[in-house]
Amino acid sequence: MSETPPSPPAAPRPQPGRRKAESARVVRRSRRSAAAAAAAADRARRANRPGTRIARRRFRRTHGLPGTLGVTLLGALLPGSGFLWSGRRLLGWCVLLPAVAVLAGGAWYVGRDLEAVLDFVFSPTRLQVAAALLAVGLLVWVCVVYLTYRQVRPRERERWQTAVGHAFVLALCLLVGFPFALAARYALVQADLVETVFEGNTSATAPRDVSREDPWGGRERVNVLLLGGDGGEGRTGVRTDTVVLVSMDTGTGRTVMFSLPRNMMNAQFPEDSPLHDLYPEGYSGPEDDGFYMLNAIYGQIPTRHPGVLGRSENEGADAVKQAVEGSLGVPVDYYVLVNLKGFEEVVDAMGGITVNVNEPVAINGDTDAGIPPTGYIDPGPDQHLDGFHALWFARGRWGSDDYERMERQRCTIDAIIEAADPANLIRRYQALAAAGKEIVYSDIPLDLVPAFVELALKVKNAQVRSVVFRASEEFFSGDPDFAWVQDRVADAIDPPKRRDRPTDPDPADPDPTPTDPSEPPEPEPGAAVDAEDSCAYDPDASVVAATG
C-alpha cells in the first residue's frame, strides 16, 4: 500500500480588518495611477495641438545646497526675486515691486535735500512712524527670506544640508536685519531726545519774528548763549559759572565767541527790559557781593522777581540772556544750558576729547579752604581726556584764576566741536542721546532745530575766533567799563578796516622798545584771537588772553 503524502500546511486566514485595509490601499493606488494616467493623457493631447509647447513643471527647485544658498541670498538682497526664480510670478512681483519702490523712495528722500532730512530727523511723530514701519518691514523681510529658502530647496536632501540651510538663513537675517533694527532703535531714541530737549521750552526772551521758512527773521547773525550750570554741595541751586556768547554769521558760519567772567559785577540790562527798571544802574544791591555776580543771576532773579519777564519755562536763563545782552550790547536770541554735573557723561559718550595742556591742571582741591588737589592733569600736546578729566580740565581752579579757567573752557568747547564728526556721533549715538537729554536745556524752537544743524555744519568748517574779557588796565570784573566792552564786541563782530602802521622806529622816541620779529605780538585786551592758535601747545608761552 502506498502512503498518502502529507498535505501542505494551510495558509493562515487573513483577519477581516487587515483584509479591509489592504483593499483600501489597493483602491487608493489604483485611483492615483488612474489620475496620473489621465493627467499624462491630457498633457499629451495638449502637446499634440498645433502651436502648443510641452508644459514645463510649474515651480523650480535647486539641485543642491550651493544653489539653495545662492537663490536664498538673492531673495534676501532683492526681496521677491527668489519667488520669481522658482516660478511663483504673482507672489514674486507682489513682493519685488513694493520693495523696489520703498528703496527708491527712501534714496530719493535722503538724497534730494538736506533740509528735508533734517526736518524728518527732528520730527518726533515722523521718527516714531518710521520706527514702526521699520519693525514691520523687518518682520516681513525675515518671512520672505525664510519662505524663499523653503520653496527653492530640493525635496530630497540630507539632514546636514537642512541644518546648514537653516543656519545660513539665521545668519543672513541677523547680518542684514541688524542695521534695520538699529535704525528703528535710533529713531525712537532721537524722538525721545527731541521731545525732552526742544518741546515745551516756552521762553520770554526768544525772537518772535522767526519761522521754519525764515528761521533767522532776516538777521545776518544769530547769537546763542552757552551756559554751564555748576551745581554742587553747599551751593544754593545752580550757578552759571560758564557764560559764553556764540555769535554766528548765518551765511558763512564765521563765528566769534565772547567769554564773560563768572564774578562780573553790575551786569547791565537792556533799556526795554523790566529788569532795567528794577536795576537801572546794573545788577547790584546792599547784600553780600556774591548775590550780585553774573553767575548768581540764574538763581536770584526768579527768586526775587518771579514772572518779571513774562511766561517762561526757565526764568533764570532768560534773566542771564538779558544780562549778557545789556552788557555786551548785542541781542541774545537763544540759550543752551548744560549741567556740568553730567558733562563728563557726554564726553564719555563721545569717546573723549583731545586738548593741549600747557600747564598742570588740578583735580579737586579748594584754595579758600586750604584743601590740596588729589591729582593733576599733566601737561602735554594732544592729551586725550575722558569725561572725568575733561570736566576738571574745564573747571579746575586750584593754582589758577577764573580767567585761566575760562580759557580752558574755550578750548574744551573747541575740542568738542572737533570731536563731533558724523561717524563718531553715529557710533556712540545712543549713549550720547541718553546723557544729553538729562543735562541739556534750551529755548531753541523745535521748528528751527534743522536750520541750526545746517548752520552748525557751516561753523565746523569756518573760522572761529574768541574774545575773553580778563583782568587788564581796561577791564576790571568788579566794576567793568561796559562802553569799552561793547566797543570790543562790535570790533570783533565787524572788524574795522586795517589801519596803516609805521614800520620804522619813531625818531622822537629816544629808546624804542626792542621787539623780536620771531615772536607774535601779545593780543590787545578784548581782541578776537583765532581759536585754533590760542589752544595750541605752547607750554613756555604766557597765558594768552583768549582761547577757543
# chains A, B, ... in the order shown; residues from 1 in each chain; ligands from 1
call {"tool": "residues_around", "arguments": {"residues": "region 261-275 of chain A", "least_positions_apart": "5", "cutoff": "8 Å", "atoms": "only C-alpha atoms", "output": "ChimeraX atom specification"}}
result
/A:240-243,280-284,292-295,308-309,322-327,402-403,406,469-470,477-480
call {"tool": "residues_around", "arguments": {"residues": "Pro381 (chain A)", "least_positions_apart": "5", "cutoff": "9 Å", "atoms": "only C-alpha atoms", "output": "PDB file with N, CA and C atoms, in the first residue's frame"}}
result
ATOM      1  N   THR A 354      40.227 115.693  22.766  1.00  0.00           N
ATOM      2  CA  THR A 354      41.683 115.873  22.705  1.00  0.00           C
ATOM      3  C   THR A 354      42.009 117.355  22.832  1.00  0.00           C
ATOM      4  N   VAL A 355      42.866 117.695  23.804  1.00  0.00           N
ATOM      5  CA  VAL A 355      43.245 119.082  24.049  1.00  0.00           C
ATOM      6  C   VAL A 355      44.753 119.166  24.279  1.00  0.00           C
ATOM      7  N   ASN A 356      45.271 120.373  24.165  1.00  0.00           N
ATOM      8  CA  ASN A 356      46.656 120.653  24.528  1.00  0.00           C
ATOM      9  C   ASN A 356      46.676 121.204  25.947  1.00  0.00           C
ATOM     10  N   VAL A 357      47.489 120.615  26.798  1.00  0.00           N
ATOM     11  CA  VAL A 357      47.586 121.033  28.193  1.00  0.00           C
ATOM     12  C   VAL A 357      48.947 121.692  28.382  1.00  0.00           C
ATOM     13  N   ASN A 358      48.950 123.000  28.618  1.00  0.00           N
ATOM     14  CA  ASN A 358      50.196 123.759  28.709  1.00  0.00           C
ATOM     15  C   ASN A 358      50.751 123.870  30.121  1.00  0.00           C
ATOM     16  N   ALA A 536      46.781 126.122  21.008  1.00  0.00           N
ATOM     17  CA  ALA A 536      47.922 125.320  20.570  1.00  0.00           C
ATOM     18  C   ALA A 536      48.784 124.945  21.761  1.00  0.00           C
ATOM     19  N   TYR A 537      49.641 123.941  21.563  1.00  0.00           N
ATOM     20  CA  TYR A 537      50.554 123.521  22.626  1.00  0.00           C
ATOM     21  C   TYR A 537      51.757 124.442  22.632  1.00  0.00           C
ATOM     22  N   ASP A 538      51.873 125.240  23.687  1.00  0.00           N
ATOM     23  CA  ASP A 538      52.967 126.199  23.821  1.00  0.00           C
ATOM     24  C   ASP A 538      53.223 126.409  25.308  1.00  0.00           C
TER      25      ASP A 538
END
call {"tool": "closest_residue", "arguments": {"among": "A:Leu91, A:Ile413, A:Leu78, A:Val176", "to": "Leu226 (chain A)", "atoms": "only C-alpha atoms"}}
result
A:Ile413
call {"tool": "select_by_dssp", "arguments": {"residues": "region 220-382 of chain A", "states": "strand (DSSP E or B)", "output": "VMD selection string"}}
result
chain A and resid 221 to 229 240 to 249 255 to 260 334 to 339 353 to 357 361 to 363 366 371 375 to 377 380 to 382
call {"tool": "residues_around", "arguments": {"residues": "Ser247 (chain A)", "least_positions_apart": "4", "cutoff": "12 Å", "atoms": "only C-alpha atoms", "output": "MDAnalysis selection string"}}
result
chainID A and resid 219:226 252:259 325 328 330:335 455:456 459 464:467 489:490 492:494
call {"tool": "residues_around", "arguments": {"residues": "Asp214 (chain A)", "least_positions_apart": "3", "cutoff": "12 Å", "atoms": "only C-alpha atoms", "output": "compact mmCIF listing (two decimals) with all heavy atoms, in the first residue's frame"}}
result
# COMPACT_ATOMS: atom_id res chain seq x y z
N PRO A 207 13.25 135.26 20.05
CA PRO A 207 12.66 136.06 18.97
C PRO A 207 11.27 135.57 18.59
O PRO A 207 10.99 134.37 18.61
CB PRO A 207 13.65 135.88 17.81
CG PRO A 207 14.94 135.50 18.46
CD PRO A 207 14.56 134.70 19.66
N ARG A 208 10.41 136.49 18.21
CA ARG A 208 9.05 136.15 17.82
C ARG A 208 8.85 136.22 16.30
O ARG A 208 7.85 135.74 15.78
CB ARG A 208 8.06 137.10 18.49
CG ARG A 208 8.08 137.04 20.01
CD ARG A 208 7.38 135.80 20.52
NE ARG A 208 7.25 135.83 21.97
CZ ARG A 208 8.09 135.25 22.82
NH1 ARG A 208 9.15 134.61 22.35
NH2 ARG A 208 7.90 135.32 24.13
N ASP A 209 9.81 136.83 15.59
CA ASP A 209 9.63 137.06 14.15
C ASP A 209 10.34 136.00 13.31
O ASP A 209 10.89 136.30 12.25
CB ASP A 209 10.16 138.44 13.78
CG ASP A 209 11.62 138.63 14.15
OD1 ASP A 209 12.14 137.84 14.96
OD2 ASP A 209 12.26 139.57 13.62
N VAL A 210 10.36 134.77 13.78
CA VAL A 210 11.03 133.70 13.03
C VAL A 210 10.02 132.61 12.70
O VAL A 210 8.95 132.51 13.32
CB VAL A 210 12.20 133.11 13.85
CG1 VAL A 210 13.29 134.14 14.08
CG2 VAL A 210 11.70 132.55 15.19
N SER A 211 10.36 131.78 11.72
CA SER A 211 9.50 130.68 11.31
C SER A 211 10.37 129.63 10.65
O SER A 211 11.57 129.85 10.40
CB SER A 211 8.42 131.16 10.34
OG SER A 211 9.01 131.65 9.15
N GLY A 217 14.70 135.28 10.77
CA GLY A 217 13.95 136.52 10.78
C GLY A 217 14.68 137.67 10.11
O GLY A 217 14.57 138.81 10.54
N GLY A 218 15.44 137.36 9.04
CA GLY A 218 16.17 138.38 8.32
C GLY A 218 17.48 138.79 8.97
O GLY A 218 18.17 139.67 8.44
N ARG A 219 17.87 138.16 10.07
CA ARG A 219 19.11 138.52 10.75
C ARG A 219 20.33 137.96 10.02
O ARG A 219 20.30 136.84 9.53
CB ARG A 219 19.12 137.99 12.19
CG ARG A 219 18.05 138.58 13.07
CD ARG A 219 17.94 137.82 14.38
NE ARG A 219 16.94 138.39 15.27
CZ ARG A 219 15.65 138.17 15.17
NH1 ARG A 219 15.17 137.40 14.20
NH2 ARG A 219 14.81 138.73 16.03
N GLU A 220 21.40 138.75 9.99
CA GLU A 220 22.65 138.27 9.41
C GLU A 220 23.45 137.44 10.40
O GLU A 220 24.29 136.63 10.01
CB GLU A 220 23.51 139.46 8.93
CG GLU A 220 22.89 140.23 7.77
CD GLU A 220 23.78 141.35 7.29
OE1 GLU A 220 24.87 141.54 7.90
OE2 GLU A 220 23.42 142.03 6.32
N THR A 250 25.00 133.79 9.76
CA THR A 250 24.06 132.80 9.22
C THR A 250 24.38 132.43 7.78
O THR A 250 23.90 131.40 7.29
CB THR A 250 22.63 133.32 9.30
OG1 THR A 250 22.54 134.57 8.59
CG2 THR A 250 22.22 133.55 10.75
N ASP A 447 10.97 123.80 15.58
CA ASP A 447 10.89 124.06 14.14
C ASP A 447 12.19 124.61 13.58
O ASP A 447 12.46 124.49 12.38
CB ASP A 447 9.76 125.05 13.85
CG ASP A 447 8.38 124.42 14.01
OD1 ASP A 447 8.33 123.18 14.11
OD2 ASP A 447 7.39 125.15 14.05
N LEU A 448 13.01 125.24 14.43
CA LEU A 448 14.24 125.87 13.96
C LEU A 448 15.47 124.98 14.11
O LEU A 448 16.56 125.34 13.65
CB LEU A 448 14.48 127.18 14.71
CG LEU A 448 13.88 128.46 14.09
CD1 LEU A 448 12.38 128.33 13.95
CD2 LEU A 448 14.25 129.68 14.93
N PRO A 450 16.40 122.11 12.66
CA PRO A 450 17.09 121.75 11.40
C PRO A 450 17.95 122.87 10.85
O PRO A 450 19.06 122.63 10.35
CB PRO A 450 15.92 121.41 10.46
CG PRO A 450 14.81 120.97 11.37
CD PRO A 450 14.95 121.84 12.57
N ALA A 451 17.47 124.12 10.93
CA ALA A 451 18.26 125.24 10.44
C ALA A 451 19.53 125.42 11.27
O ALA A 451 20.60 125.74 10.73
CB ALA A 451 17.43 126.52 10.47
call {"tool": "residues_around", "arguments": {"residues": "Leu227 (chain A)", "least_positions_apart": "4", "cutoff": "10 Å", "atoms": "only C-alpha atoms", "output": "ChimeraX atom specification"}}
result
/A:239-245,295,298,317,320-321,335-340,440-442
call {"tool": "select_by_dssp", "arguments": {"residues": "region 383-495 of chain A", "states": "alpha helix (DSSP H)", "output": "ChimeraX atom specification"}}
result
/A:387-395,402-419,422-427,429-439,449-460,482-493
call {"tool": "closest_residue", "arguments": {"among": "A:Met248, A:Pro445, A:Gly200, A:Glu344", "to": "Arg311 (chain A)", "atoms": "only C-alpha atoms"}}
result
A:Gly200
call {"tool": "closest_residue", "arguments": {"among": "A:Ala296, A:Leu385, A:Ala362, A:Leu391", "to": "Gly342 (chain A)", "atoms": "only C-alpha atoms"}}
result
A:Leu391
call {"tool": "residues_around", "arguments": {"residues": "region 64-70 of chain A", "least_positions_apart": "4", "cutoff": "12 Å", "atoms": "only C-alpha atoms", "output": "VMD selection string"}}
result
chain A and resid 60 74 to 77 81 to 82 85 to 86 145 to 146 148 to 172
